[in-house]
Structures are given as C-alpha cells and as structure tokens.
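Next comes protein20.cif, with mmCIF, C-alpha atoms.
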```cif
data_input
#
loop_
_atom_site.label_atom_id
_atom_site.label_comp_id
_atom_site.auth_asym_id
_atom_site.auth_seq_id
_atom_site.Cartn_x
_atom_site.Cartn_y
_atom_site.Cartn_z
CA MET A 1 0.00 0.00 0.00
CA GLY A 2 2.84 2.36 0.80
CA GLU A 3 5.34 4.42 -1.15
CA ASN A 4 8.49 6.43 -0.60
CA VAL A 5 7.89 10.16 -0.15
CA SER A 6 9.95 13.27 0.56
CA PHE A 7 9.09 16.05 3.00
CA THR A 8 10.76 19.21 4.27
CA VAL A 9 12.71 19.32 7.56
CA ASN A 10 13.84 22.87 8.37
CA GLY A 11 14.47 23.58 4.71
CA GLN A 12 16.19 20.26 4.12
CA LYS A 13 14.92 17.04 2.56
CA GLY A 14 13.53 14.23 4.67
CA GLU A 15 12.31 10.88 3.39
CA GLY A 16 10.03 8.14 4.64
CA TRP A 17 7.45 5.46 3.89
CA PHE A 18 3.90 6.77 3.44
CA ALA A 19 0.61 4.88 3.31
CA LYS A 20 -2.97 6.11 3.04
CA PRO A 21 -6.27 4.33 3.64
CA VAL A 22 -8.44 2.93 0.89
CA SER A 23 -11.33 4.89 2.42
CA GLY A 24 -9.57 8.08 1.33
CA LYS A 25 -9.29 9.92 4.65
CA GLY A 26 -8.17 9.15 8.17
CA PRO A 27 -6.32 10.41 11.25
CA ALA A 28 -2.55 10.86 11.05
CA VAL A 29 0.04 8.59 12.70
CA VAL A 30 3.83 8.80 12.58
CA VAL A 31 5.52 5.39 12.96
CA ILE A 32 9.00 5.49 14.50
CA GLN A 33 11.55 2.81 13.70
CA GLU A 34 13.48 0.44 15.94
CA TRP A 35 17.27 0.64 15.98
CA TRP A 36 17.43 -1.50 12.82
CA GLY A 37 16.34 1.44 10.66
CA LEU A 38 13.46 1.84 8.23
CA VAL A 39 13.31 -1.90 7.53
CA PRO A 40 10.46 -3.86 5.87
CA HIS A 41 8.84 -4.56 9.26
CA ILE A 42 8.37 -0.84 9.95
CA LYS A 43 7.04 -0.28 6.44
CA ASP A 44 4.60 -3.14 7.05
CA VAL A 45 3.41 -1.56 10.32
CA THR A 46 2.86 1.69 8.42
CA ASP A 47 0.81 -0.16 5.80
CA ARG A 48 -1.16 -1.85 8.56
CA PHE A 49 -2.15 1.53 9.96
CA ALA A 50 -3.41 2.50 6.51
CA LYS A 51 -5.48 -0.68 6.39
CA GLU A 52 -7.00 0.37 9.72
CA GLY A 53 -8.03 3.73 8.23
CA PHE A 54 -5.09 5.96 9.20
CA VAL A 55 -2.80 8.16 7.14
CA ALA A 56 0.66 7.01 8.21
CA LEU A 57 4.30 7.92 7.65
CA ALA A 58 7.51 6.33 8.93
CA PRO A 59 10.39 8.83 8.61
CA ASP A 60 13.79 7.42 7.75
CA LEU A 61 15.83 8.54 10.77
CA TYR A 62 18.98 6.73 9.58
CA HIS A 63 18.82 8.31 6.10
CA GLY A 64 19.02 5.17 4.01
CA LYS A 65 20.96 2.95 6.38
CA THR A 66 19.52 -0.30 7.73
CA THR A 67 21.02 -3.35 9.40
CA THR A 68 20.30 -6.78 10.85
CA SER A 69 23.41 -6.72 13.06
CA PRO A 70 22.89 -5.73 16.72
CA ASP A 71 26.42 -4.28 16.83
CA GLU A 72 25.81 -2.15 13.75
CA ALA A 73 22.37 -1.14 15.04
CA GLY A 74 23.94 0.00 18.28
CA ARG A 75 26.47 2.09 16.38
CA LEU A 76 23.77 3.70 14.22
CA LEU A 77 21.73 4.39 17.33
CA MET A 78 24.60 6.14 19.10
CA GLU A 79 25.44 8.16 15.99
CA MET A 80 21.87 9.40 15.61
CA ASP A 81 21.33 13.07 16.46
CA THR A 82 18.38 13.00 18.85
CA GLU A 83 17.41 16.62 18.28
CA ARG A 84 17.49 16.12 14.52
CA ALA A 85 15.38 12.96 14.86
CA GLY A 86 12.88 14.97 16.88
CA ARG A 87 12.70 17.58 14.13
CA GLU A 88 12.22 14.89 11.50
CA ILE A 89 9.38 13.30 13.47
CA ALA A 90 7.75 16.72 13.88
CA ALA A 91 8.17 17.40 10.15
CA ALA A 92 6.68 13.99 9.29
CA GLY A 93 3.67 14.84 11.44
CA ALA A 94 3.30 18.24 9.80
CA TYR A 95 3.51 16.58 6.38
CA LEU A 96 0.66 14.26 7.31
CA LEU A 97 -1.49 17.06 8.74
CA ASN A 98 -1.13 18.92 5.45
CA ARG A 99 -2.06 15.92 3.31
CA PRO A 100 -5.55 16.11 1.74
CA GLU A 101 -6.24 12.61 3.13
CA CYS A 102 -5.72 13.71 6.74
CA ALA A 103 -8.87 13.88 8.87
CA SER A 104 -7.31 14.86 12.23
CA LYS A 105 -6.08 18.16 13.66
CA SER A 106 -3.26 16.45 15.56
CA PHE A 107 -1.13 13.40 14.81
CA GLY A 108 -0.29 10.27 16.74
CA VAL A 109 3.19 8.87 17.34
CA GLU A 110 3.99 5.19 17.78
CA GLY A 111 7.37 3.57 18.09
CA PHE A 112 9.35 0.54 19.22
CA CYS A 113 12.37 0.46 21.57
CA MET A 114 14.44 3.43 20.37
CA GLY A 115 11.33 4.54 18.51
CA GLY A 116 9.26 4.09 21.66
CA ALA A 117 11.56 6.50 23.49
CA LEU A 118 11.36 8.93 20.58
CA ALA A 119 7.56 8.65 20.69
CA GLN A 120 7.75 9.67 24.35
CA PHE A 121 10.06 12.52 23.37
CA ALA A 122 7.71 13.74 20.64
CA ALA A 123 4.68 13.53 22.90
CA SER A 124 6.43 15.61 25.56
CA SER A 125 7.89 18.23 23.23
CA ASN A 126 5.38 18.78 20.42
CA PRO A 127 1.85 20.11 21.13
CA SER A 128 0.71 18.84 17.71
CA VAL A 129 0.94 15.25 19.01
CA GLY A 130 -2.55 14.18 20.03
CA ALA A 131 -1.84 10.62 21.21
CA ALA A 132 1.19 8.39 21.71
CA VAL A 133 1.96 4.68 21.97
CA SER A 134 5.36 3.54 23.21
CA PHE A 135 6.37 -0.11 22.78
CA TYR A 136 9.12 -1.00 25.26
CA GLY A 137 10.52 2.49 24.86
CA GLY A 138 13.77 3.22 26.59
CA PHE A 139 16.92 4.99 25.51
CA LYS A 140 18.80 7.15 28.00
CA LYS A 141 20.15 9.37 25.20
CA VAL A 142 16.62 10.69 24.63
CA PRO A 143 15.68 13.41 27.17
CA ILE A 144 12.03 13.10 28.20
CA ARG A 145 10.46 16.11 29.93
CA TRP A 146 7.40 14.39 31.28
CA GLU A 147 6.00 17.57 32.80
CA ASN A 148 5.41 18.76 29.21
CA LEU A 149 3.45 15.68 28.11
CA SER A 150 0.31 17.06 26.49
CA CYS A 151 -1.51 13.97 25.22
CA PRO A 152 -2.72 10.53 26.37
CA ILE A 153 0.00 7.89 26.19
CA LEU A 154 -0.17 4.10 26.09
CA MET A 155 2.99 2.41 27.45
CA ILE A 156 3.54 -1.23 26.44
CA TYR A 157 6.08 -3.52 28.13
CA GLY A 158 7.14 -7.16 27.95
CA GLU A 159 7.24 -9.03 31.26
CA ILE A 160 10.65 -10.63 30.57
CA ASP A 161 12.21 -7.70 28.71
CA GLU A 162 15.83 -7.39 29.83
CA SER A 163 16.49 -4.19 27.88
CA VAL A 164 13.57 -2.09 29.13
CA PRO A 165 12.51 -3.85 32.35
CA ALA A 166 8.82 -4.07 33.14
CA SER A 167 9.75 -3.07 36.69
CA GLU A 168 10.11 0.48 35.37
CA ALA A 169 6.47 0.61 34.31
CA LYS A 170 4.65 1.19 37.62
CA PRO A 171 6.99 3.90 38.97
CA LEU A 172 6.72 5.82 35.68
CA GLU A 173 2.95 5.42 35.57
CA ASP A 174 2.69 6.70 39.15
CA LYS A 175 4.92 9.66 38.30
CA LEU A 176 2.82 10.60 35.29
CA LYS A 177 -0.43 10.29 37.16
CA ALA A 178 0.98 12.48 39.93
CA LEU A 179 1.69 15.07 37.23
CA GLY A 180 -1.94 14.82 36.11
CA LYS A 181 -1.12 13.06 32.83
CA LYS A 182 -3.30 10.54 31.02
CA VAL A 183 -1.35 7.28 30.94
CA GLU A 184 -2.19 3.60 30.51
CA THR A 185 0.41 0.89 31.10
CA ILE A 186 0.21 -2.71 29.89
CA ILE A 187 2.69 -5.48 30.70
CA PHE A 188 2.43 -8.56 28.49
CA ARG A 189 3.11 -11.78 30.38
CA GLY A 190 5.95 -13.90 29.03
CA ALA A 191 6.87 -11.33 26.38
CA PRO A 192 10.53 -10.42 25.71
CA HIS A 193 11.96 -7.22 24.26
CA GLY A 194 10.81 -6.76 20.67
CA PHE A 195 7.89 -9.18 20.97
CA PHE A 196 5.85 -7.25 18.39
CA ASN A 197 8.34 -7.80 15.56
CA ASP A 198 7.00 -10.69 13.48
CA THR A 199 10.19 -10.87 11.39
CA ARG A 200 12.13 -12.19 14.40
CA PRO A 201 10.76 -15.72 15.13
CA GLY A 202 12.82 -16.18 18.28
CA ILE A 203 11.18 -13.30 20.13
CA TYR A 204 7.87 -12.72 18.35
CA ARG A 205 4.84 -13.49 20.52
CA GLU A 206 1.79 -13.58 18.27
CA GLU A 207 -0.93 -13.50 20.94
CA CYS A 208 0.70 -10.56 22.71
CA ALA A 209 1.37 -8.74 19.45
CA VAL A 210 -2.22 -9.07 18.24
CA ASP A 211 -3.56 -7.77 21.56
CA ALA A 212 -1.05 -4.90 21.60
CA TRP A 213 -1.98 -3.92 18.05
CA GLN A 214 -5.70 -3.86 18.83
CA ARG A 215 -5.03 -1.66 21.87
CA THR A 216 -2.83 0.64 19.81
CA VAL A 217 -5.46 1.13 17.11
CA ALA A 218 -8.16 1.69 19.73
CA HIS A 219 -6.01 4.27 21.52
CA PHE A 220 -5.49 6.31 18.37
CA ARG A 221 -9.12 6.05 17.31
CA ALA A 222 -10.24 7.26 20.73
CA HIS A 223 -7.90 10.24 20.89
CA LEU A 224 -7.37 11.31 17.29
CA GLY A 225 -10.98 10.97 16.14
#
```

Please rewrite the model in this file as structure tokens.
Amino acid sequence: MGENVSFTVNGQKGEGWFAKPVSGKGPAVVVIQEWWGLVPHIKDVTDRFAKEGFVALAPDLYHGKTTTSPDEAGRLLMEMDTERAGREIAAAGAYLLNRPECASKSFGVEGFCMGGALAQFAASSNPSVGAAVSFYGGFKKVPIRWENLSCPILMIYGEIDESVPASEAKPLEDKLKALGKKVETIIFRGAPHGFFNDTRPGIYREECAVDAWQRTVAHFRAHLG
C-alpha cells in the first residue's frame, strides 16, 4: 500500500514510507523505527495503519541505512542526532497534517524500543501530538520532559524484557499520574523485548502482538478521532 515520499525538515529534505487508507481519509500517525532502521517490518506496520483507516508515515531517521546486526544497530543508534530525529518526526507529522487525506487536527506517534523512546520525546515536546503509543521504549540518550506531556500515552512492556525492564512501568505510571497526565500501562506476560516484531521468530509473541496492536489502534481512534 505504501510508497516512498519526501518532505521538508527545516528547509532540508527528509524521506520516509507513506501509506494512506483505501477509504480516502483518516487520522494521522507517525511510525517510528526500531534501531534497525526503516526496515520492511516498519514499512509493514505503516501499511497496517493505513489498512485500519489511518494516514501514516515512517520517517527514515537513519537516512538510508539499515542493518540486521545488533552491533551495527547499536552504532547507528549512538550516531543518531536525537534533536534532529525529533525535528524529522515533527516534520513527518506536519507533512501528514497537510495531506488532503488527513482527517485529524493532531497526529499520533507510535514507536518501538528506540522509537518508543522517541515517541515519548515527541509527545512531551510537540503540542501537535494528540496521542502516543510507546512499545518498550527506553533509551537514555533521549531526554524526556514528562511535565510537558500534552496527550494521552499508552505504554507497552514485555514481562521478561531485559532491555527495558517491566519493573520500570509502575513507577513511571505513578509519576505521570501524579503530574496529572493521562497514561495507561500494559505489561504482556511472558513477552521479551521486541515481541511485536513478526520478522524475528525467536522473540515474536503472536498472541501478545495481536492484543497490543488492537489496543494501539483503539487508543489512536479514541484520541485522534
């Protein structure tokens, strides 16, 4: 369903994978990659949003680079300019809001691992974000100013995730609620880090992934209209 598109980021060129719904119009969602880059799995997730009636775009935060090597992914992650990534996510959202197919006044952000942290970052730094979903989001390089969170956020964790421990979920949820923020936290039993990625048979958990996807779609439909 999708296609490569270009958009403007502070006068410079950004690129990403764009998909629109068959129905013609829908709310906007920016999909944020894992540390592997803009790989086929992320493009597929973007297409899946379109099939659910959303206008979706996954910006290419690594600018053409992808990998299947954890070592290389870690290097690309550390080389990424967080502030620039934030600007590219904001520009991707603005691109969607200006598309004729867009039916929402704000856009959603959804991401995985590194992308989950960047979704948190976008939701706490950009008032145009109307809803956020963070899958096992955690990356200390990304500064999250939770006091500035301006939209409902769904936080998804895996019970046996060793990278982003589920033990972090309750303290963060309590902190956000104390700040008066709208937050929902879900911990999937028996799920490891990356459990949503169906291209990785060793860690993919179908039942958890299907449930998480349904909750994600429902969250965006409820808060983006």

Quiz item: Looking at A:Ala131, A:Val142, A:Ile203, A:Ala212, which one is nearest to Gly115 (chain A), with distances taken over all atoms listed in the file?
Solution: A:Val142

Near region 42-48 of chain A, 12 Å: region 102-184 of chain A residue rows, closest pairs, only C-alpha atoms, as a Markdown table:
```
| residue | atom | partner | partner_atom | distance |
| --- | --- | --- | --- | --- |
| A:Val109 | CA | A:Thr46 | CA | 11.5 |
| A:Glu110 | CA | A:Thr46 | CA | 10.1 |
| A:Gly111 | CA | A:Ile42 | CA | 9.3 |
| A:Phe112 | CA | A:Ile42 | CA | 9.4 |
| A:Gly115 | CA | A:Ile42 | CA | 10.5 |
```

Please produce an output containing C-alpha atoms for each residue in the selection, written as a compact mmCIF listing (two decimals), in the frame of the given file.
```txt
# COMPACT_ATOMS: atom_id res chain seq x y z
CA VAL A 109 3.19 8.87 17.34
CA GLU A 110 3.99 5.19 17.78
CA GLY A 111 7.37 3.57 18.09
CA PHE A 112 9.35 0.54 19.22
CA GLY A 115 11.33 4.54 18.51
```

Give me the result of the PyMOL selection byres ((chain A and resi 10-18) around 6) on this file, residue by residue, as a CSV table (one decimal) with C-alpha atoms, keeping the file's coordinate frame.
```csv
chain,number,residue,atom,x,y,z
A,2,GLY,CA,2.8,2.4,0.8
A,3,GLU,CA,5.3,4.4,-1.2
A,4,ASN,CA,8.5,6.4,-0.6
A,5,VAL,CA,7.9,10.2,-0.2
A,6,SER,CA,10.0,13.3,0.6
A,7,PHE,CA,9.1,16.0,3.0
A,8,THR,CA,10.8,19.2,4.3
A,9,VAL,CA,12.7,19.3,7.6
A,19,ALA,CA,0.6,4.9,3.3
A,56,ALA,CA,0.7,7.0,8.2
A,57,LEU,CA,4.3,7.9,7.6
A,58,ALA,CA,7.5,6.3,8.9
A,59,PRO,CA,10.4,8.8,8.6
A,60,ASP,CA,13.8,7.4,7.8
```

Quiz prompt | Residues matched by the PyMOL selection byres ((chain A and resi 135) around 12), written as a PyMOL selection string | solution = chain A and resi 31-34+109-120+132-134+136-138+153-158+161+164-166+169+185-188+191-197+208-209+212-213+215-216

Adding 5 Å on each side of the box along x, y and z that holds all listed atoms of region 159-171 of chain A, could you give its centre and edge lengths in Å to one decimal, as JSON?
```
{"center_x": 10.6, "center_y": -3.4, "center_z": 33.4, "size_x": 21.8, "size_y": 24.5, "size_z": 21.1}
```

Self-check item: Residue with smallest distance to Phe54 (chain A) - pool A:Glu206, A:Glu101, A:Asp71, A:Glu79, counting all atoms listed in the file
Solution: A:Glu101

Quiz item: Expressed in Å to a single decimal, how great is the separation between CA of Pro100 (chain A) and CA of Ser128 (chain A)?
Solution: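 Distance between the two atoms: 17.4 Å.
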
Exercise. State, in Å with one decimal place, the distance from CA of Asp211 (chain A) to CA of Glu173 (chain A).
Key: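 Calculated distance between CA of Asp211 (chain A) and CA of Glu173 (chain A) is 20.3 Å.
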
Self-check item: One-decimal distance in Å that lies between CA of Ala85 (chain A) and CA of Ser125 (chain A)
Solution: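 Going from CA of Ser125 (chain A) over to CA of Ala85 (chain A), I get 12.4 Å.
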
Quiz item: Using only C-alpha atoms, which residue out of A:Ala50, A:Leu224, A:Leu38, A:Leu77 lies closest to Ser23 (chain A)?
Solution: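 Going through A:Ala50, A:Leu224, A:Leu38, A:Leu77 one by one, the smallest distance to Ser23 (chain A) is for A:Ala50.
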
Practice problem: Could you tell me which residues the PyMOL selection byres ((chain A and resi 106) around 8) returns for this structure, as a list in words? | Solution: Ala28, Leu97, Ser104, Lys105, Phe107, Gly108, Ser128, Val129, Gly130 and Leu224 of chain A

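Nearest residue to Pro152 (chain A) among A:Glu184, A:Asp174, A:Glu168, A:Asp81 is A:Glu184, counting all atoms listed in the file.
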
What would region 198-212 of chain A look like with N, CA, C and O atoms restored, written as an mmCIF file, in the frame of the given file?
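selection.cif, freshly written:
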```
data_model
loop_
_atom_site.group_PDB
_atom_site.id
_atom_site.type_symbol
_atom_site.label_atom_id
_atom_site.label_comp_id
_atom_site.auth_asym_id
_atom_site.auth_seq_id
_atom_site.Cartn_x
_atom_site.Cartn_y
_atom_site.Cartn_z
ATOM 1 N N ASP A 198 7.297 -9.366 14.033
ATOM 2 C CA ASP A 198 7.000 -10.690 13.480
ATOM 3 C C ASP A 198 8.035 -11.184 12.476
ATOM 4 O O ASP A 198 7.912 -12.269 11.905
ATOM 5 N N THR A 199 9.094 -10.406 12.245
ATOM 6 C CA THR A 199 10.190 -10.870 11.390
ATOM 7 C C THR A 199 11.296 -11.521 12.215
ATOM 8 O O THR A 199 12.309 -11.950 11.647
ATOM 9 N N ARG A 200 11.115 -11.606 13.519
ATOM 10 C CA ARG A 200 12.130 -12.190 14.400
ATOM 11 C C ARG A 200 11.485 -13.356 15.161
ATOM 12 O O ARG A 200 10.970 -13.186 16.270
ATOM 13 N N PRO A 201 11.478 -14.553 14.572
ATOM 14 C CA PRO A 201 10.760 -15.720 15.130
ATOM 15 C C PRO A 201 11.153 -16.057 16.560
ATOM 16 O O PRO A 201 10.329 -16.545 17.329
ATOM 17 N N GLY A 202 12.387 -15.796 16.947
ATOM 18 C CA GLY A 202 12.820 -16.180 18.280
ATOM 19 C C GLY A 202 12.196 -15.367 19.400
ATOM 20 O O GLY A 202 12.114 -15.837 20.543
ATOM 21 N N ILE A 203 11.745 -14.148 19.077
ATOM 22 C CA ILE A 203 11.180 -13.300 20.130
ATOM 23 C C ILE A 203 9.735 -12.891 19.879
ATOM 24 O O ILE A 203 9.073 -12.390 20.787
ATOM 25 N N TYR A 204 9.244 -13.101 18.671
ATOM 26 C CA TYR A 204 7.870 -12.720 18.350
ATOM 27 C C TYR A 204 6.881 -13.532 19.176
ATOM 28 O O TYR A 204 7.018 -14.754 19.312
ATOM 29 N N ARG A 205 5.900 -12.856 19.748
ATOM 30 C CA ARG A 205 4.840 -13.490 20.520
ATOM 31 C C ARG A 205 3.500 -13.078 19.902
ATOM 32 O O ARG A 205 3.005 -11.983 20.169
ATOM 33 N N GLU A 206 2.943 -13.956 19.086
ATOM 34 C CA GLU A 206 1.790 -13.580 18.270
ATOM 35 C C GLU A 206 0.598 -13.108 19.108
ATOM 36 O O GLU A 206 -0.006 -12.070 18.810
ATOM 37 N N GLU A 207 0.243 -13.864 20.136
ATOM 38 C CA GLU A 207 -0.930 -13.500 20.940
ATOM 39 C C GLU A 207 -0.754 -12.118 21.562
ATOM 40 O O GLU A 207 -1.676 -11.289 21.544
ATOM 41 N N CYS A 208 0.424 -11.866 22.102
ATOM 42 C CA CYS A 208 0.700 -10.560 22.710
ATOM 43 C C CYS A 208 0.692 -9.457 21.659
ATOM 44 O O CYS A 208 0.146 -8.363 21.884
ATOM 45 N N ALA A 209 1.286 -9.742 20.504
ATOM 46 C CA ALA A 209 1.370 -8.740 19.450
ATOM 47 C C ALA A 209 -0.005 -8.361 18.917
ATOM 48 O O ALA A 209 -0.287 -7.180 18.672
ATOM 49 N N VAL A 210 -0.867 -9.344 18.733
ATOM 50 C CA VAL A 210 -2.220 -9.070 18.240
ATOM 51 C C VAL A 210 -2.988 -8.207 19.241
ATOM 52 O O VAL A 210 -3.639 -7.217 18.874
ATOM 53 N N ASP A 211 -2.890 -8.547 20.515
ATOM 54 C CA ASP A 211 -3.560 -7.770 21.560
ATOM 55 C C ASP A 211 -3.009 -6.347 21.604
ATOM 56 O O ASP A 211 -3.767 -5.365 21.669
ATOM 57 N N ALA A 212 -1.682 -6.222 21.553
ATOM 58 C CA ALA A 212 -1.050 -4.900 21.600
ATOM 59 C C ALA A 212 -1.466 -4.046 20.418
ATOM 60 O O ALA A 212 -1.700 -2.833 20.550
#
```
